[in-house]
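Text of model-v5.cif, listed as mmCIF, C-alpha atoms:
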data_upload
loop_
_atom_site.label_atom_id
_atom_site.label_comp_id
_atom_site.auth_asym_id
_atom_site.auth_seq_id
_atom_site.Cartn_x
_atom_site.Cartn_y
_atom_site.Cartn_z
CA ASP A 1 31.45 139.64 193.10
CA SER A 2 31.64 143.32 192.18
CA VAL A 3 35.42 143.15 192.63
CA ALA A 4 35.89 139.90 190.64
CA ALA A 5 33.67 140.90 187.72
CA PRO A 6 36.15 143.31 186.11
CA ALA A 7 38.97 140.72 186.34
CA VAL A 8 36.78 138.07 184.77
CA GLU A 9 35.77 140.47 182.06
CA ARG A 10 39.41 141.36 181.37
CA ALA A 11 40.34 137.65 181.22
CA ARG A 12 37.45 136.94 178.91
CA CYS A 13 38.44 139.82 176.67
CA ARG A 14 42.06 138.65 176.65
CA VAL A 15 41.02 135.09 175.77
CA ALA A 16 38.79 136.42 173.05
CA SER A 17 41.64 138.58 171.74
CA TRP A 18 43.96 135.55 171.74
CA GLY A 19 41.39 133.48 169.92
CA VAL A 20 40.90 136.18 167.30
CA THR A 21 44.66 136.51 166.87
CA ALA A 22 45.13 132.71 166.56
CA ALA A 23 42.25 132.47 164.12
CA SER A 24 43.61 135.30 161.99
CA SER A 25 47.09 133.75 162.06
CA PHE A 26 45.69 130.35 161.07
CA LEU A 27 43.70 131.90 158.24
CA ALA A 28 46.77 133.78 157.02
CA TRP A 29 48.89 130.59 157.12
CA ALA A 30 46.15 128.68 155.31
CA GLU A 31 46.04 131.37 152.64
CA ILE A 32 49.81 131.16 152.20
CA VAL A 33 49.61 127.37 151.87
CA ARG A 34 46.78 127.67 149.36
CA ARG A 35 48.68 130.20 147.27
CA ARG A 36 51.81 128.02 147.38
CA ALA A 37 49.77 125.01 146.29
CA VAL A 38 48.19 126.99 143.47
CA SER A 39 51.61 128.23 142.34
CA LEU A 40 53.08 124.74 142.37
CA SER A 41 50.10 123.38 140.52
CA ALA A 42 50.37 126.09 137.87
CA ARG A 43 54.13 125.46 137.49
CA ALA A 44 53.57 121.74 137.18
CA HIS A 45 50.89 122.31 134.57
CA ALA A 46 53.21 124.64 132.65
CA HIS A 47 56.00 122.01 132.71
CA ALA A 48 53.57 119.32 131.63
CA VAL A 49 52.43 121.46 128.72
CA ALA A 50 55.96 122.57 127.72
CA TRP A 51 57.60 119.10 127.99
CA PRO A 52 56.30 117.68 124.67
CA ASN A 53 57.32 120.88 122.88
CA ARG A 54 60.79 120.70 124.45
CA THR A 55 61.06 117.01 123.54
CA ARG A 56 60.12 117.76 119.94
CA ALA A 57 62.66 120.58 119.84
CA LEU A 58 65.41 118.32 121.17
CA ALA A 59 64.48 115.61 118.67
CA ALA A 60 64.53 118.11 115.81
CA ARG A 61 67.91 119.45 116.94
CA ALA A 62 69.34 115.94 117.15
CA THR A 63 67.98 115.14 113.68
CA ARG A 64 69.57 118.28 112.21
CA THR A 65 72.89 117.45 113.89
CA ALA A 66 72.84 113.89 112.57
CA ALA A 67 71.95 115.11 109.08
CA ARG A 68 74.84 117.60 109.08
CA ALA A 69 77.24 114.91 110.31
CA ALA A 70 76.07 112.47 107.64
CA GLU A 71 76.39 115.13 104.95
CA SER A 72 79.91 116.02 106.12
CA LEU A 73 80.92 112.35 106.17
CA LEU A 74 79.44 111.80 102.71
CA ARG A 75 81.34 114.78 101.32
CA GLN A 76 84.56 113.54 102.90
CA ARG A 77 84.10 110.04 101.46
CA TRP A 78 83.26 111.49 98.06
CA ALA A 79 86.40 113.65 98.13
CA GLN A 80 88.50 110.60 99.07
CA LEU A 81 86.89 108.57 96.28
CA ARG A 82 87.58 111.31 93.74
CA ALA A 83 91.18 111.58 94.95
CA SER A 84 91.68 107.80 94.69
CA ILE A 85 90.13 107.76 91.20
CA SER A 86 92.36 110.62 90.12
CA SER A 87 95.41 108.91 91.61
CA GLY A 88 94.48 105.66 89.87
CA ARG A 89 94.10 107.47 86.56
CA ARG A 90 97.50 109.10 86.97
CA ALA A 91 99.05 105.72 87.89
CA VAL A 92 97.48 104.06 84.83
CA ARG A 93 98.62 106.93 82.65
CA ARG A 94 102.18 106.66 84.00
CA TRP A 95 102.10 102.90 83.45
CA LEU A 96 100.88 103.29 79.88
CA LEU A 97 103.52 105.91 79.14
CA ARG A 98 106.40 103.85 80.55
CA ASP A 99 109.36 103.23 78.27
CA GLN A 100 110.88 99.75 78.24
CA HIS A 101 114.41 101.13 77.96
CA VAL A 102 113.88 103.34 81.01
CA SER A 103 112.45 100.40 82.95
CA ARG A 104 115.38 98.18 81.96
CA ILE A 105 117.98 100.74 83.04
CA LEU A 106 116.30 101.35 86.40
CA ARG A 107 115.94 97.61 87.03
CA LEU A 108 119.58 96.89 86.24
CA GLN A 109 120.68 99.87 88.31
CA ALA A 110 118.84 98.43 91.32
CA GLN A 111 120.60 95.10 90.71
CA GLY A 112 124.02 96.73 90.30
CA ARG A 113 124.67 95.14 86.90
CA TRP A 114 126.55 97.96 85.19
CA TYR A 115 127.85 96.06 82.15
CA ALA A 116 124.37 94.72 81.42
CA LEU A 117 122.99 98.23 81.85
CA MET A 118 125.42 99.55 79.20
CA ARG A 119 124.88 96.45 77.04
CA VAL A 120 128.61 95.82 76.68
CA ARG A 121 130.97 93.02 77.60
CA ARG A 122 133.36 93.15 80.53
CA ALA A 123 136.30 93.56 78.17
CA ALA A 124 134.73 96.53 76.35
CA SER A 125 137.01 99.45 75.52
CA LYS A 126 136.32 103.11 76.23
CA LYS A 127 135.33 103.63 72.60
CA GLN A 128 132.70 100.90 72.85
CA LEU A 129 131.49 102.36 76.13
CA LYS A 130 131.07 105.80 74.52
CA GLU A 131 129.15 104.33 71.59
CA ALA A 132 126.87 102.40 73.94
CA TYR A 133 126.36 105.50 76.09
CA ARG A 134 125.38 107.65 73.11
CA ARG A 135 123.06 104.98 71.77
CA LEU A 136 121.25 104.54 75.09
CA ALA A 137 121.22 108.26 75.90
CA LYS A 138 119.22 108.92 72.75
CA ARG A 139 116.57 106.46 73.93
CA VAL A 140 116.19 107.51 77.57
CA HIS A 141 116.80 111.26 77.32
CA PRO A 142 113.91 113.22 78.90
CA ASP A 143 113.34 115.05 75.62
CA LYS A 144 113.05 111.78 73.70
CA THR A 145 110.53 109.90 75.87
CA THR A 146 107.30 110.66 77.72
CA ASP A 147 108.21 108.51 80.73
CA ASP A 148 108.37 110.60 83.90
CA ARG A 149 111.25 108.40 85.13
CA ALA A 150 113.51 109.45 82.25
CA ASP A 151 115.55 111.80 84.47
CA ARG A 152 116.39 108.97 86.86
CA ALA A 153 117.27 106.61 84.03
CA PHE A 154 119.45 109.20 82.30
CA ASN A 155 121.29 109.99 85.54
CA ALA A 156 121.80 106.26 86.19
CA LEU A 157 123.19 105.84 82.66
CA ARG A 158 125.58 108.76 83.12
CA ASP A 159 126.76 107.49 86.52
CA THR A 160 127.35 104.04 85.04
CA PHE A 161 129.36 105.51 82.18
CA ASP A 162 131.46 107.54 84.63
CA LEU A 163 132.08 104.44 86.76
CA LEU A 164 133.14 102.23 83.86
CA THR A 165 135.38 104.86 82.28
CA ASP A 166 137.23 105.41 85.56
CA GLU A 167 140.01 102.79 85.72
CA LYS A 168 140.14 102.56 89.52
CA LYS A 169 136.39 102.27 89.97
CA ARG A 170 136.11 99.80 87.10
CA LYS A 171 138.92 97.63 88.52
CA ALA A 172 137.25 97.63 91.93
CA TYR A 173 133.95 96.68 90.30
CA ASP A 174 135.62 93.89 88.30
CA ASP A 175 137.21 92.54 91.46
CA GLN A 176 133.82 92.60 93.17
CA LEU A 177 132.27 90.72 90.24
CA ALA A 178 135.09 88.16 90.36
CA ARG A 179 134.51 87.57 94.06
CA GLU A 180 130.76 87.23 93.54
CA GLU A 181 131.28 84.80 90.64
CA TRP A 182 133.71 82.71 92.72
CA LYS A 183 131.19 82.58 95.57
CA ALA A 184 128.42 81.62 93.16
CA ALA A 185 130.59 78.87 91.64
CA GLN A 186 131.45 77.64 95.13
CA ARG A 187 127.76 77.52 96.02
CA ARG A 188 127.00 75.59 92.81
CA ARG A 189 129.76 73.09 93.58
CA GLU A 190 128.43 72.62 97.11
CA GLN A 191 124.92 72.13 95.77
CA ARG A 192 126.11 69.58 93.22
CA ALA A 193 128.07 67.72 95.89
CA ALA A 194 125.04 67.67 98.19
CA ALA A 195 122.86 66.40 95.35
CA ALA A 196 125.44 63.68 94.55
CA ARG A 197 125.46 62.58 98.18
CA VAL A 198 121.69 62.36 98.20
CA VAL A 199 121.70 60.35 94.96
CA ARG A 200 124.38 57.95 96.29
CA ALA A 201 122.44 57.42 99.52
CA ALA A 202 119.28 56.74 97.54
CA ALA A 203 121.12 54.29 95.27
CA VAL A 204 122.55 52.41 98.26
CA ARG A 205 119.11 52.27 99.84
CA LEU A 206 117.53 51.00 96.64
CA GLY A 207 120.31 48.39 96.21
CA THR A 208 119.78 47.16 99.76
CA LEU A 209 116.06 46.86 99.20
CA ALA A 210 116.59 45.02 95.91
CA LEU A 211 119.00 42.56 97.51
CA THR A 212 116.60 41.92 100.38
CA HIS A 213 113.74 41.41 97.94
CA ARG A 214 115.92 39.03 95.87
CA ARG A 215 116.76 36.93 98.92
CA VAL A 216 113.10 36.73 99.94
CA THR A 217 112.07 35.81 96.42
CA LEU A 218 114.81 33.13 96.19
CA GLY A 219 113.68 31.58 99.49
CA LEU A 220 110.08 31.42 98.33
CA VAL A 221 111.12 29.74 95.06
CA LEU A 222 113.18 27.09 96.87
CA ALA A 223 110.35 26.40 99.32
CA ALA A 224 107.92 25.94 96.42
CA ALA A 225 110.33 23.55 94.66
CA VAL A 226 110.74 21.46 97.80
CA LEU A 227 106.97 21.26 98.27
CA MET A 228 106.45 20.21 94.66
CA ARG A 229 108.97 17.36 94.98
CA MET A 230 107.47 16.00 98.18
CA PRO A 231 105.29 12.85 97.65
CA SER A 232 101.62 13.49 97.98
CA ALA A 233 99.82 11.77 100.91
CA GLU A 234 97.17 9.42 99.42
CA PRO A 235 94.42 7.93 101.64
#
Step by step, read the file and then write its structure as structure tokens.
Amino acid sequence: DSVAAPAVERARCRVASWGVTAASSFLAWAEIVRRRAVSLSARAHAHAVAWPNRTRALAARATRTAARAAESLLRQRWAQLRASISSGRRAVRRWLLRDQHVSRILRLQAQGRWYALMRVRRAASKKQLKEAYRRLAKRVHPDKTTDDRADRAFNALRDTFDLLTDEKKRKAYDDQLAREEWKAAQRRREQRAAAARVVRAAAVRLGTLALTHRRVTLGLVLAAAVLMRMPSAEP
């Protein structure tokens, strides 16, 4: 017993030391867990408190962004409206300031009717062409009218005068007019012939219908006459 007592005492002391160490380790781990839980709880509380403020900040930022976008769009639309109004005013002003002589020359130039543009006949001489040119130039000169198309009309008038005073160009233009007139006359003849064919076909159709109607009417008249001459059946 005296020999085993020290060993038992050492074992007991070692077990006690292990128990103390395990207990201290458990307490330390429990403290770490508690501190971690407290930290997480505090962080969650902070997020819960800060979330409404962050939501309000985001909403305010979105509202400011939408307001700036709406203001920019409104300014853009207003600028476009002012530009369209200004353009419309300029268009109306140009329309009101248009000269009828300038409009006539530009219209006839687009149609290629040079004699009508100069207001002369096809057999007009160079002297008549010069007189017509001077007369029209006084009306459509840029210094004589407020129409902003006067430069174009004056240039068209000058080009027309140059074309008609050049013998080769005028002869080529006269030949072109002759060909166009022949084609137009040919088209008119074809149209008249087509119309005559239609009228003849309609006349033949109407004559056929009239003859058929006459035959039917004549048959009905004869049948009525025969019935009237038949003796009546008395009881």
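The space between CA of Asp147 in chain A and CA of His101 in chain A spans 10.0 Å.
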task: Rank A:Asp148, A:Ala156, A:Arg64, A:Phe161 by their smallest atom-to-atom distance to Gln128 in chain A, using only C-alpha atoms, and report the top residue only.
output: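 Of A:Asp148, A:Ala156, A:Arg64, A:Phe161, the one nearest Gln128 in chain A, counting only C-alpha atoms, is A:Phe161.
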field: Pick from A:Gln109, A:Val199, A:Thr55, A:Ser72 nearest to Asp159 in chain A, counting all atoms listed in the file
entry: A:Gln109
message: I want to know what sits within 12 Å of Glu167 in chain A, based on only C-alpha atoms, with residues of the same chain fewer than 6 positions away left out; could you give that as an MDAnalysis selection string?
response: chainID A and resid 125:126 161 173:174
task: Point out the residue among A:Leu106, A:Arg192, A:Leu117, A:Ala132 with the least atom-to-atom distance to Asp151 in chain A, counting all atoms listed in the file.
output: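 Using all atoms listed in the file, Asp151 in chain A sits closest to A:Leu106.
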Which residue of A:Trp29, A:Arg77, A:Arg113, A:Arg205 approaches Gln176 in chain A most closely, using all atoms listed in the file: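 Using all atoms listed in the file, the shortest distance to Gln176 in chain A belongs to A:Arg113.
Taking CA of Ser103 in chain A and CA of Tyr115 in chain A as the two end points, the separation is 16.0 Å.
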message: Just checking: using all atoms listed in the file, which residue out of A:Arg121, A:Thr145, A:Arg107, A:Glu181 ends up closest to Leu157 in chain A?
response: A:Arg107
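Interatomic distance, CA of Asp162 in chain A against CA of Gly112 in chain A: 14.3 Å.
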